[in-house]
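The file upload-v1.txt contains compact mmCIF, N, CA and C atoms:
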```txt
# COMPACT_ATOMS: atom_id res chain seq x y z
N PRO W 1 0.81 -1.22 0.00
CA PRO W 1 0.00 0.00 0.00
C PRO W 1 0.84 1.27 0.00
N GLU W 2 1.98 1.24 0.69
CA GLU W 2 2.80 2.44 0.78
C GLU W 2 3.32 2.88 -0.60
N ALA W 3 3.77 1.92 -1.40
CA ALA W 3 4.28 2.26 -2.74
C ALA W 3 3.18 2.83 -3.62
N SER W 4 1.98 2.24 -3.56
CA SER W 4 0.89 2.75 -4.40
C SER W 4 0.44 4.13 -3.93
N ASP W 5 0.47 4.38 -2.62
CA ASP W 5 0.13 5.71 -2.10
C ASP W 5 1.14 6.74 -2.58
N LYS W 6 2.42 6.39 -2.52
CA LYS W 6 3.46 7.32 -2.99
C LYS W 6 3.30 7.59 -4.49
N PHE W 7 2.99 6.53 -5.25
CA PHE W 7 2.77 6.69 -6.68
C PHE W 7 1.62 7.66 -6.95
N MET W 8 0.50 7.45 -6.27
CA MET W 8 -0.67 8.31 -6.51
C MET W 8 -0.41 9.75 -6.06
N ASP W 9 0.26 9.93 -4.93
CA ASP W 9 0.59 11.29 -4.48
C ASP W 9 1.51 11.98 -5.49
N PHE W 10 2.50 11.25 -5.98
CA PHE W 10 3.43 11.79 -6.98
C PHE W 10 2.68 12.13 -8.27
N LEU W 11 1.82 11.22 -8.70
CA LEU W 11 1.02 11.44 -9.91
C LEU W 11 0.19 12.71 -9.79
N TRP W 12 -0.55 12.84 -8.70
CA TRP W 12 -1.45 13.99 -8.57
C TRP W 12 -0.70 15.28 -8.32
N GLU W 13 0.46 15.20 -7.68
CA GLU W 13 1.27 16.41 -7.52
C GLU W 13 1.69 16.93 -8.89
N GLY W 14 2.10 16.02 -9.77
CA GLY W 14 2.46 16.40 -11.13
C GLY W 14 1.29 16.92 -11.93
N VAL W 15 0.15 16.25 -11.82
CA VAL W 15 -1.05 16.68 -12.54
C VAL W 15 -1.47 18.07 -12.06
N ASP W 16 -1.42 18.31 -10.75
CA ASP W 16 -1.79 19.63 -10.21
C ASP W 16 -0.93 20.73 -10.82
N VAL W 17 0.37 20.49 -10.94
CA VAL W 17 1.30 21.48 -11.49
C VAL W 17 1.04 21.68 -12.99
N LEU W 18 0.89 20.58 -13.72
CA LEU W 18 0.73 20.66 -15.17
C LEU W 18 -0.65 21.18 -15.59
N ALA W 19 -1.66 20.93 -14.79
CA ALA W 19 -3.03 21.31 -15.17
C ALA W 19 -3.14 22.81 -15.41
N VAL W 20 -2.52 23.62 -14.55
CA VAL W 20 -2.63 25.07 -14.71
C VAL W 20 -1.89 25.57 -15.95
N LYS W 21 -0.99 24.75 -16.50
CA LYS W 21 -0.25 25.12 -17.70
C LYS W 21 -0.93 24.64 -18.98
N SER W 22 -1.95 23.81 -18.83
CA SER W 22 -2.64 23.24 -19.98
C SER W 22 -3.84 24.09 -20.36
N LYS W 23 -3.74 24.77 -21.50
CA LYS W 23 -4.86 25.61 -21.96
C LYS W 23 -6.11 24.77 -22.18
N GLU W 24 -5.93 23.58 -22.76
CA GLU W 24 -7.07 22.71 -23.06
C GLU W 24 -7.78 22.25 -21.78
N LEU W 25 -7.03 21.78 -20.81
CA LEU W 25 -7.64 21.31 -19.57
C LEU W 25 -8.23 22.47 -18.78
N MET W 26 -7.53 23.59 -18.71
CA MET W 26 -8.06 24.75 -17.99
C MET W 26 -9.34 25.26 -18.65
N SER W 27 -9.38 25.20 -19.97
CA SER W 27 -10.60 25.60 -20.68
C SER W 27 -11.77 24.72 -20.27
N GLU W 28 -11.53 23.42 -20.13
CA GLU W 28 -12.59 22.50 -19.69
C GLU W 28 -12.97 22.77 -18.24
N LEU W 29 -11.97 22.98 -17.38
CA LEU W 29 -12.25 23.22 -15.96
C LEU W 29 -12.98 24.53 -15.72
N GLU W 30 -12.82 25.48 -16.64
CA GLU W 30 -13.47 26.79 -16.50
C GLU W 30 -14.66 26.96 -17.44
N SER W 31 -15.07 25.89 -18.10
CA SER W 31 -16.16 25.99 -19.07
C SER W 31 -17.48 26.33 -18.38
N GLU W 32 -18.33 27.05 -19.10
CA GLU W 32 -19.64 27.41 -18.56
C GLU W 32 -20.46 26.16 -18.24
N ARG W 33 -20.30 25.15 -19.07
CA ARG W 33 -21.03 23.89 -18.88
C ARG W 33 -20.69 23.27 -17.53
N LEU W 34 -19.41 23.19 -17.21
CA LEU W 34 -18.97 22.63 -15.94
C LEU W 34 -19.29 23.57 -14.78
N MET W 35 -19.10 24.86 -14.99
CA MET W 35 -19.38 25.83 -13.93
C MET W 35 -20.84 25.81 -13.51
N SER W 36 -21.74 25.56 -14.46
CA SER W 36 -23.17 25.53 -14.10
C SER W 36 -23.46 24.39 -13.13
N VAL W 37 -22.77 23.27 -13.27
CA VAL W 37 -22.94 22.14 -12.35
C VAL W 37 -22.27 22.46 -11.02
N LEU W 38 -21.07 23.05 -11.08
CA LEU W 38 -20.33 23.33 -9.85
C LEU W 38 -20.98 24.41 -9.00
N LYS W 39 -21.82 25.25 -9.60
CA LYS W 39 -22.58 26.22 -8.79
C LYS W 39 -23.51 25.51 -7.83
N ARG W 40 -23.98 24.33 -8.25
CA ARG W 40 -24.90 23.56 -7.40
C ARG W 40 -24.17 22.58 -6.49
N THR W 41 -23.08 22.01 -6.96
CA THR W 41 -22.40 20.95 -6.20
C THR W 41 -21.11 21.40 -5.52
N GLU W 42 -20.59 22.55 -5.87
CA GLU W 42 -19.32 23.10 -5.41
C GLU W 42 -18.12 22.35 -5.96
N GLN W 43 -18.15 21.02 -5.93
CA GLN W 43 -17.08 20.23 -6.55
C GLN W 43 -17.60 18.85 -6.89
N ILE W 44 -16.87 18.19 -7.77
CA ILE W 44 -17.18 16.81 -8.14
C ILE W 44 -16.02 15.96 -7.64
N ASN W 45 -16.31 15.00 -6.78
CA ASN W 45 -15.30 14.14 -6.19
C ASN W 45 -15.31 12.78 -6.86
N VAL W 46 -14.14 12.34 -7.31
CA VAL W 46 -14.02 11.09 -8.05
C VAL W 46 -12.99 10.19 -7.37
N ASN W 47 -13.37 8.96 -7.09
CA ASN W 47 -12.45 7.96 -6.56
C ASN W 47 -12.00 7.03 -7.68
N ILE W 48 -10.78 6.53 -7.55
CA ILE W 48 -10.22 5.55 -8.47
C ILE W 48 -9.70 4.41 -7.61
N GLU W 49 -10.22 3.20 -7.84
CA GLU W 49 -9.88 2.09 -6.95
C GLU W 49 -9.64 0.79 -7.72
N ALA W 50 -8.48 0.20 -7.49
CA ALA W 50 -8.15 -1.08 -8.12
C ALA W 50 -8.76 -2.22 -7.33
N SER W 51 -9.20 -3.24 -8.05
CA SER W 51 -9.80 -4.41 -7.41
C SER W 51 -8.78 -5.49 -7.09
N ASP W 52 -7.59 -5.38 -7.68
CA ASP W 52 -6.59 -6.44 -7.51
C ASP W 52 -5.26 -5.97 -6.93
N SER W 53 -5.23 -4.75 -6.42
CA SER W 53 -4.01 -4.21 -5.81
C SER W 53 -4.42 -3.10 -4.85
N PRO W 54 -3.47 -2.58 -4.06
CA PRO W 54 -3.82 -1.50 -3.14
C PRO W 54 -3.91 -0.12 -3.81
N LEU W 55 -3.80 -0.06 -5.13
CA LEU W 55 -3.84 1.22 -5.84
C LEU W 55 -5.20 1.89 -5.63
N SER W 56 -5.16 3.08 -5.08
CA SER W 56 -6.39 3.87 -4.93
C SER W 56 -6.01 5.34 -4.86
N GLY W 57 -6.90 6.15 -5.35
CA GLY W 57 -6.68 7.58 -5.33
C GLY W 57 -7.98 8.31 -5.58
N HIS W 58 -7.88 9.61 -5.61
CA HIS W 58 -9.08 10.42 -5.82
C HIS W 58 -8.66 11.73 -6.48
N PHE W 59 -9.64 12.38 -7.09
CA PHE W 59 -9.43 13.75 -7.53
C PHE W 59 -10.73 14.52 -7.38
N ALA W 60 -10.57 15.82 -7.25
CA ALA W 60 -11.72 16.71 -7.10
C ALA W 60 -11.65 17.78 -8.18
N ILE W 61 -12.79 18.02 -8.79
CA ILE W 61 -12.93 19.08 -9.77
C ILE W 61 -13.70 20.19 -9.08
N SER W 62 -13.08 21.36 -8.97
CA SER W 62 -13.79 22.50 -8.40
C SER W 62 -13.64 23.66 -9.37
N GLN W 63 -14.12 24.81 -9.02
CA GLN W 63 -14.20 25.91 -9.97
C GLN W 63 -12.82 26.31 -10.48
N GLY W 64 -12.50 25.81 -11.68
CA GLY W 64 -11.23 26.13 -12.31
C GLY W 64 -10.04 25.41 -11.72
N LYS W 65 -10.27 24.42 -10.88
CA LYS W 65 -9.16 23.73 -10.22
C LYS W 65 -9.33 22.22 -10.27
N LEU W 66 -8.19 21.56 -10.18
CA LEU W 66 -8.15 20.11 -10.14
C LEU W 66 -7.14 19.73 -9.07
N SER W 67 -7.53 18.86 -8.17
CA SER W 67 -6.60 18.40 -7.14
C SER W 67 -6.86 16.93 -6.89
N GLY W 68 -5.86 16.24 -6.37
CA GLY W 68 -6.03 14.81 -6.11
C GLY W 68 -4.96 14.29 -5.19
N GLY W 69 -5.05 13.01 -4.89
CA GLY W 69 -4.08 12.38 -4.01
C GLY W 69 -4.35 10.91 -3.86
N SER W 70 -3.60 10.30 -2.95
CA SER W 70 -3.76 8.87 -2.69
C SER W 70 -4.95 8.64 -1.77
N GLY W 71 -5.37 7.40 -1.71
CA GLY W 71 -6.48 7.03 -0.83
C GLY W 71 -7.81 7.42 -1.43
N LEU W 72 -8.83 6.88 -0.82
CA LEU W 72 -10.20 7.13 -1.29
C LEU W 72 -10.89 8.17 -0.42
N LEU W 73 -11.73 8.96 -1.04
CA LEU W 73 -12.61 9.84 -0.29
C LEU W 73 -13.70 8.97 0.33
N HIS W 74 -14.26 9.41 1.43
CA HIS W 74 -15.35 8.67 2.07
C HIS W 74 -16.47 8.50 1.05
N PHE W 75 -17.11 7.33 1.06
CA PHE W 75 -18.13 7.06 0.04
C PHE W 75 -19.26 8.08 0.05
N LYS W 76 -19.52 8.71 1.18
CA LYS W 76 -20.58 9.73 1.24
C LYS W 76 -20.17 10.99 0.48
N ASP W 77 -18.86 11.19 0.33
CA ASP W 77 -18.35 12.37 -0.38
C ASP W 77 -18.07 12.09 -1.84
N GLN W 78 -18.15 10.84 -2.24
CA GLN W 78 -17.85 10.41 -3.61
C GLN W 78 -19.05 10.70 -4.52
N ASP W 79 -18.76 11.38 -5.64
CA ASP W 79 -19.80 11.60 -6.64
C ASP W 79 -19.71 10.57 -7.76
N PHE W 80 -18.50 10.12 -8.03
CA PHE W 80 -18.27 9.19 -9.13
C PHE W 80 -17.07 8.33 -8.78
N ARG W 81 -17.04 7.10 -9.30
CA ARG W 81 -15.92 6.20 -9.01
C ARG W 81 -15.60 5.36 -10.24
N PHE W 82 -14.31 5.28 -10.54
CA PHE W 82 -13.79 4.35 -11.53
C PHE W 82 -13.16 3.21 -10.75
N HIS W 83 -13.48 1.97 -11.11
CA HIS W 83 -12.84 0.85 -10.44
C HIS W 83 -12.72 -0.33 -11.38
N GLY W 84 -11.77 -1.19 -11.06
CA GLY W 84 -11.49 -2.36 -11.88
C GLY W 84 -10.06 -2.80 -11.65
N PRO W 85 -9.57 -3.71 -12.47
CA PRO W 85 -8.20 -4.18 -12.34
C PRO W 85 -7.19 -3.03 -12.52
N THR W 86 -6.07 -3.15 -11.85
CA THR W 86 -5.02 -2.13 -11.91
C THR W 86 -4.64 -1.81 -13.36
N LYS W 87 -4.46 -2.84 -14.16
CA LYS W 87 -4.07 -2.66 -15.56
C LYS W 87 -5.07 -1.76 -16.31
N VAL W 88 -6.34 -1.95 -16.03
CA VAL W 88 -7.38 -1.17 -16.69
C VAL W 88 -7.35 0.28 -16.21
N LEU W 89 -7.16 0.49 -14.92
CA LEU W 89 -7.11 1.86 -14.39
C LEU W 89 -5.89 2.61 -14.92
N LEU W 90 -4.77 1.92 -15.06
CA LEU W 90 -3.59 2.57 -15.63
C LEU W 90 -3.82 2.92 -17.10
N LYS W 91 -4.54 2.07 -17.82
CA LYS W 91 -4.92 2.40 -19.20
C LYS W 91 -5.80 3.65 -19.22
N LEU W 92 -6.73 3.73 -18.28
CA LEU W 92 -7.60 4.90 -18.18
C LEU W 92 -6.77 6.17 -17.98
N LEU W 93 -5.84 6.12 -17.04
CA LEU W 93 -5.02 7.29 -16.74
C LEU W 93 -4.08 7.65 -17.89
N ARG W 94 -3.72 6.69 -18.71
CA ARG W 94 -2.85 6.95 -19.86
C ARG W 94 -3.64 7.27 -21.13
N GLY W 95 -4.96 7.27 -21.04
CA GLY W 95 -5.78 7.59 -22.20
C GLY W 95 -5.85 6.47 -23.22
N GLU W 96 -5.62 5.25 -22.80
CA GLU W 96 -5.62 4.10 -23.70
C GLU W 96 -6.88 3.26 -23.57
N LEU W 97 -7.88 3.79 -22.92
CA LEU W 97 -9.11 3.05 -22.67
C LEU W 97 -10.30 3.90 -23.09
N ALA W 98 -11.14 3.34 -23.91
CA ALA W 98 -12.34 4.06 -24.33
C ALA W 98 -13.27 4.24 -23.13
N LEU W 99 -13.77 5.45 -22.97
CA LEU W 99 -14.72 5.72 -21.90
C LEU W 99 -16.13 5.49 -22.40
N GLY W 100 -16.99 5.07 -21.53
CA GLY W 100 -18.38 4.86 -21.91
C GLY W 100 -18.94 3.62 -21.27
N PHE W 101 -20.24 3.56 -21.25
CA PHE W 101 -20.91 2.45 -20.60
C PHE W 101 -20.74 1.14 -21.36
N SER W 102 -20.28 1.21 -22.60
CA SER W 102 -20.12 -0.01 -23.39
C SER W 102 -18.79 -0.71 -23.11
N ASN W 103 -17.95 -0.11 -22.28
CA ASN W 103 -16.65 -0.71 -21.99
C ASN W 103 -16.75 -1.62 -20.77
N PRO W 104 -16.70 -2.94 -20.98
CA PRO W 104 -16.87 -3.87 -19.86
C PRO W 104 -15.66 -3.95 -18.93
N GLU W 105 -14.49 -3.46 -19.38
CA GLU W 105 -13.29 -3.52 -18.55
C GLU W 105 -13.33 -2.53 -17.39
N LEU W 106 -13.91 -1.38 -17.62
CA LEU W 106 -13.92 -0.31 -16.64
C LEU W 106 -15.28 -0.24 -15.96
N LEU W 107 -15.27 -0.30 -14.66
CA LEU W 107 -16.51 -0.21 -13.90
C LEU W 107 -16.64 1.19 -13.32
N THR W 108 -17.87 1.67 -13.25
CA THR W 108 -18.12 2.99 -12.67
C THR W 108 -19.28 2.90 -11.70
N ASP W 109 -19.25 3.77 -10.73
CA ASP W 109 -20.35 3.95 -9.79
C ASP W 109 -20.59 5.44 -9.66
N GLY W 110 -21.79 5.79 -9.32
CA GLY W 110 -22.11 7.19 -9.11
C GLY W 110 -23.23 7.62 -10.03
N HIS W 111 -23.63 8.84 -9.86
CA HIS W 111 -24.71 9.39 -10.66
C HIS W 111 -24.24 9.51 -12.11
N PRO W 112 -24.97 8.90 -13.06
CA PRO W 112 -24.54 8.96 -14.46
C PRO W 112 -24.53 10.38 -15.02
N GLY W 113 -25.22 11.30 -14.36
CA GLY W 113 -25.22 12.68 -14.81
C GLY W 113 -23.87 13.35 -14.69
N PHE W 114 -22.98 12.79 -13.85
CA PHE W 114 -21.64 13.36 -13.71
C PHE W 114 -20.69 12.90 -14.81
N ALA W 115 -20.99 11.79 -15.47
CA ALA W 115 -20.09 11.22 -16.48
C ALA W 115 -19.70 12.22 -17.57
N PRO W 116 -20.63 13.01 -18.12
CA PRO W 116 -20.24 13.94 -19.18
C PRO W 116 -19.28 15.04 -18.71
N TYR W 117 -19.22 15.26 -17.41
CA TYR W 117 -18.32 16.28 -16.87
C TYR W 117 -16.98 15.67 -16.47
N VAL W 118 -17.01 14.43 -15.98
CA VAL W 118 -15.80 13.76 -15.54
C VAL W 118 -14.97 13.26 -16.73
N SER W 119 -15.63 12.75 -17.77
CA SER W 119 -14.92 12.17 -18.92
C SER W 119 -13.94 13.13 -19.59
N PRO W 120 -14.33 14.37 -19.93
CA PRO W 120 -13.36 15.26 -20.56
C PRO W 120 -12.19 15.61 -19.64
N VAL W 121 -12.45 15.65 -18.34
CA VAL W 121 -11.38 15.96 -17.40
C VAL W 121 -10.40 14.79 -17.32
N ILE W 122 -10.90 13.56 -17.23
CA ILE W 122 -10.00 12.40 -17.18
C ILE W 122 -9.22 12.29 -18.49
N GLN W 123 -9.82 12.67 -19.61
CA GLN W 123 -9.10 12.67 -20.89
C GLN W 123 -8.00 13.73 -20.88
N GLY W 124 -8.30 14.88 -20.29
CA GLY W 124 -7.28 15.93 -20.16
C GLY W 124 -6.14 15.50 -19.25
N ILE W 125 -6.48 14.80 -18.16
CA ILE W 125 -5.46 14.29 -17.25
C ILE W 125 -4.55 13.31 -17.98
N SER W 126 -5.14 12.44 -18.78
CA SER W 126 -4.33 11.45 -19.50
C SER W 126 -3.38 12.13 -20.48
N LYS W 127 -3.80 13.22 -21.09
CA LYS W 127 -2.91 13.95 -21.99
C LYS W 127 -1.74 14.55 -21.21
N LEU W 128 -2.01 15.05 -20.01
CA LEU W 128 -0.93 15.59 -19.18
C LEU W 128 0.08 14.50 -18.84
N ILE W 129 -0.44 13.33 -18.47
CA ILE W 129 0.42 12.21 -18.09
C ILE W 129 1.30 11.78 -19.27
N LYS W 130 0.74 11.85 -20.46
CA LYS W 130 1.49 11.45 -21.66
C LYS W 130 2.37 12.58 -22.20
N GLY W 131 2.31 13.74 -21.57
CA GLY W 131 3.13 14.87 -22.01
C GLY W 131 2.57 15.59 -23.22
N LYS W 132 1.27 15.47 -23.45
CA LYS W 132 0.63 16.11 -24.61
C LYS W 132 -0.25 17.28 -24.18
N HIS W 133 0.29 18.13 -23.36
CA HIS W 133 -0.48 19.28 -22.90
C HIS W 133 -0.05 20.46 -23.70
```

Re-express the file's structure as structure tokens.
Amino acid sequence: PEASDKFMDFLWEGVDVLAVKSKELMSELESERLMSVLKRTEQINVNIEASDSPLSGHFAISQGKLSGGSGLLHFKDQDFRFHGPTKVLLKLLRGELALGFSNPELLTDGHPGFAPYVSPVIQGISKLIKGKH
């Protein structure tokens, strides 16, 4: 668990720094479409949890900001969750996995109304991870 926590903290520390430099991701985080939802919810909390390893993390989308870290947010605070095998979650973070309900590899929980807001952000995160910001 310690190694996976360090990995997730390192990952999100890098994403936090790179996100503010990414015009594309900042445009999504500051979009009127997302802001209209955040006026009601304040933030969208997303958990990421592996079913076959201790890998777990979370990120929060708030007004023009993205932050994350290791560990899971309490389920009462979770708006959306990606879960499945570690290999699948790493594909998700690298942008190598198609998003959508038709993908049997990736499991999701949470209100489906959040999916259209979370998907572009996770795609932006994957571009940062791949160095395509």

### Task
Could you tell me, as a count of residues only, which residues of region 3-115 of chain W DSSP assigns to strand (DSSP E or B) when given the backbone?
30

#### Entry: Long-range neighbours of region 65-81 of chain W as a PyMOL selection string, 8 Å cut-off, only C-alpha atoms, 2 positions minimum in chain
chain W and resi 4-9+11-13+15-16+19+26+29+44-49+56-63+83+108-111+114-115

Dump as a short mmCIF file (atom, residue, chain, number, x, y, z; two decimals) with N, CA and C atoms, keeping the file's coordinate frame all residues having an atom at most 8 Å from (-9.3, -4.3, -11.6), computed in the file's coordinates with only N, CA and C atoms.
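Result saved to result-v7.cif:
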```cif
data_model
loop_
_atom_site.label_atom_id
_atom_site.label_comp_id
_atom_site.auth_asym_id
_atom_site.auth_seq_id
_atom_site.Cartn_x
_atom_site.Cartn_y
_atom_site.Cartn_z
N GLU W 49 -10.22 3.20 -7.84
CA GLU W 49 -9.88 2.09 -6.95
C GLU W 49 -9.64 0.79 -7.72
N ALA W 50 -8.48 0.20 -7.49
CA ALA W 50 -8.15 -1.08 -8.12
C ALA W 50 -8.76 -2.22 -7.33
N SER W 51 -9.20 -3.24 -8.05
CA SER W 51 -9.80 -4.41 -7.41
C SER W 51 -8.78 -5.49 -7.09
N ASP W 52 -7.59 -5.38 -7.68
CA ASP W 52 -6.59 -6.44 -7.51
C ASP W 52 -5.26 -5.97 -6.93
N SER W 53 -5.23 -4.75 -6.42
CA SER W 53 -4.01 -4.21 -5.81
C SER W 53 -4.42 -3.10 -4.85
N HIS W 83 -13.48 1.97 -11.11
CA HIS W 83 -12.84 0.85 -10.44
C HIS W 83 -12.72 -0.33 -11.38
N GLY W 84 -11.77 -1.19 -11.06
CA GLY W 84 -11.49 -2.36 -11.88
C GLY W 84 -10.06 -2.80 -11.65
N PRO W 85 -9.57 -3.71 -12.47
CA PRO W 85 -8.20 -4.18 -12.34
C PRO W 85 -7.19 -3.03 -12.52
N THR W 86 -6.07 -3.15 -11.85
CA THR W 86 -5.02 -2.13 -11.91
C THR W 86 -4.64 -1.81 -13.36
N LYS W 87 -4.46 -2.84 -14.16
CA LYS W 87 -4.07 -2.66 -15.56
C LYS W 87 -5.07 -1.76 -16.31
N VAL W 88 -6.34 -1.95 -16.03
CA VAL W 88 -7.38 -1.17 -16.69
C VAL W 88 -7.35 0.28 -16.21
N LEU W 89 -7.16 0.49 -14.92
CA LEU W 89 -7.11 1.86 -14.39
C LEU W 89 -5.89 2.61 -14.92
N GLU W 105 -14.49 -3.46 -19.38
CA GLU W 105 -13.29 -3.52 -18.55
C GLU W 105 -13.33 -2.53 -17.39
N LEU W 106 -13.91 -1.38 -17.62
CA LEU W 106 -13.92 -0.31 -16.64
C LEU W 106 -15.28 -0.24 -15.96
N LEU W 107 -15.27 -0.30 -14.66
CA LEU W 107 -16.51 -0.21 -13.90
C LEU W 107 -16.64 1.19 -13.32
#
```

### Message
I'd like to know which residues of chain W are alpha helix (DSSP H) (by DSSP, run on the backbone); could you write them as an MDAnalysis selection string?
### Response
chainID W and resid 2:19 23:29 32:41 86:94 115:129

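Coordinates place CA of Gly124 (chain W) at a distance of 11.8 Å from atom C of Val20 (chain W).
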
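When only C-alpha atoms are used to measure the gap to Lys127 (chain W), the shortest distance among W:Ala98, W:Leu55, W:Val37, W:Leu18 belongs to W:Leu18.
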
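The interatomic distance for the pair CA of Thr41 (chain W) and CA of Gln123 (chain W) works out to 21.5 Å.
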
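Atom C of Gly131 (chain W) is positioned 11.4 Å from atom C of Gly14 (chain W).
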